[in-house]
Every structure is written in structure tokens, then in C-alpha cells.
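Novice: Quick one: the structure is below, and I'll ask about it shortly.
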Amino acid sequence: MEHLSEELLEEWAELLKALAHPIRLRILAALIEDRQCVKNLTELLKISQPNVSQHLGILRNKGIVGCKRDGSVVCYYIKDERALKIYEILSKEVTKWQETSSH
């Protein structure tokens, strides 16, 4: 087994912890489609603005999403490609699991 540094393992664990919440995964899914402002995310996810902002803050603090201000509107986008890849792997595996468990 390849020896991985404690620092690298800690970084990976922090990334996974930041993603390990259903709302944050739903935010990621919405951002895969396109950049989104908080108002759009609130409507898409059907949760309150403070809740969306709290989860976006966690993702932003870990560098997973970035934001760009356009006047009074702040739009969010996926900044860390690793998060995108993790989401894609999870989606594929869940789909496979659902297909095999339904037979």
C-alpha cells in the first residue's frame, strides 16, 4: 500500500467531511448544472436562505465552491474539481447499487 502523508490524509478527510451532508450534496448537484445565486438555490432546494447560506459558507471555507459578485447578486460555482469527481463517483455507484438491488 502506498504511504500517504498524515497531512494529505487530513486534507482528504476535511474535504469529505465538508461534503458529508445531504444539503451540501444537493447544492453541489445544482452547481454542476450551472452557477447559482443563493435565491435560486433556496428555490431549487426548498430550504431557507439562512440554511443555504450556512452550507455554502462551509463549502466556501473548504475551497469547494467559489463565488462571484455581480452587483448585489452573489453567484456560486464549483471551484474544487475533486469535489465534482467525488460527486460523479458517488452518483455512478448509487445508480449501480440501485440497479442491482432492484433485481
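A note on labels: chains of the C-alpha cells are A, B, ... as shown, every chain counts residues from 1, and ligands are counted from 1 in their shown order.
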Which neighbours of segment 52-65 of chain A fall inside 10 Å, counting only C-alpha atoms, when residues of the same chain fewer than 4 positions from it are skipped, and could you give them as an NGL selection string?
Specialist: :A and (11 or 14-15 or 17-19 or 21 or 23-25 or 27-28 or 31 or 38-39 or 41-42 or 45-48 or 76-84)
Novice: Let's see if you can do this: from backbone DSSP, list all strand (DSSP E or B) residues in chain A, as a ChimeraX atom specification.
Specialist: /A:36-37,65-70,73-78
Novice: Could you go through segment 30-102 of chain A and tell me which residues DSSP, when run on the backbone, assigns to helix (DSSP H, G or I), listing them as a short mmCIF file (atom, residue, chain, number, x, y, z; two decimals) with C-alpha atoms, in the first residue's frame?
Specialist:
```cif
data_model
loop_
_atom_site.label_atom_id
_atom_site.label_comp_id
_atom_site.auth_asym_id
_atom_site.auth_seq_id
_atom_site.Cartn_x
_atom_site.Cartn_y
_atom_site.Cartn_z
CA ALA A 30 -27.28 22.17 -8.50
CA LEU A 31 -23.90 23.81 -9.13
CA ILE A 32 -22.90 21.04 -11.54
CA GLU A 33 -25.74 22.24 -13.76
CA VAL A 38 -28.47 31.96 -3.15
CA LYS A 39 -32.03 32.87 -4.17
CA ASN A 40 -32.02 30.23 -6.94
CA LEU A 41 -30.58 27.61 -4.60
CA THR A 42 -33.23 28.42 -1.97
CA GLU A 43 -35.98 27.86 -4.54
CA LEU A 44 -34.38 24.74 -6.06
CA LEU A 45 -33.69 23.06 -2.73
CA GLN A 49 -31.97 31.31 2.74
CA PRO A 50 -30.05 31.24 6.06
CA ASN A 51 -29.75 27.44 5.79
CA VAL A 52 -28.47 27.63 2.21
CA SER A 53 -26.02 30.37 3.19
CA GLN A 54 -24.74 28.35 6.14
CA HIS A 55 -24.00 25.33 3.95
CA LEU A 56 -22.47 27.47 1.21
CA GLY A 57 -20.22 29.03 3.86
CA ILE A 58 -18.92 25.61 4.86
CA LEU A 59 -18.27 24.68 1.22
CA ARG A 60 -16.63 28.04 0.54
CA ASN A 61 -14.40 27.85 3.63
CA GLU A 81 -12.66 19.69 -9.25
CA ARG A 82 -12.04 16.92 -6.69
CA ALA A 83 -15.49 17.55 -5.22
CA LEU A 84 -17.01 17.22 -8.69
CA LYS A 85 -15.21 13.91 -9.27
CA ILE A 86 -16.28 12.58 -5.86
CA TYR A 87 -19.89 13.51 -6.62
CA GLU A 88 -19.73 11.80 -10.03
CA ILE A 89 -18.30 8.62 -8.50
CA LEU A 90 -20.99 8.59 -5.79
CA SER A 91 -23.72 9.11 -8.40
CA LYS A 92 -22.47 6.22 -10.54
CA GLU A 93 -22.10 3.88 -7.56
CA VAL A 94 -25.56 4.69 -6.18
CA THR A 95 -27.08 4.09 -9.63
CA LYS A 96 -25.28 0.72 -9.89
CA TRP A 97 -26.37 -0.21 -6.37
CA GLN A 98 -29.99 0.70 -7.09
CA GLU A 99 -29.96 -1.33 -10.31
CA THR A 100 -28.54 -4.44 -8.63
CA SER A 101 -30.75 -4.20 -5.55
#
```
Novice: Can you tell me how far atom CA of Asp70 of chain A sits from atom CA of Asp34 of chain A, in Å to one decimal?
Specialist: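 That distance, rounded to one decimal, is 15.4 Å.
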Novice: By how many Å are atom CA of Arg35 of chain A and atom CA of Ala20 of chain A apart?
Specialist: 21.1 Å
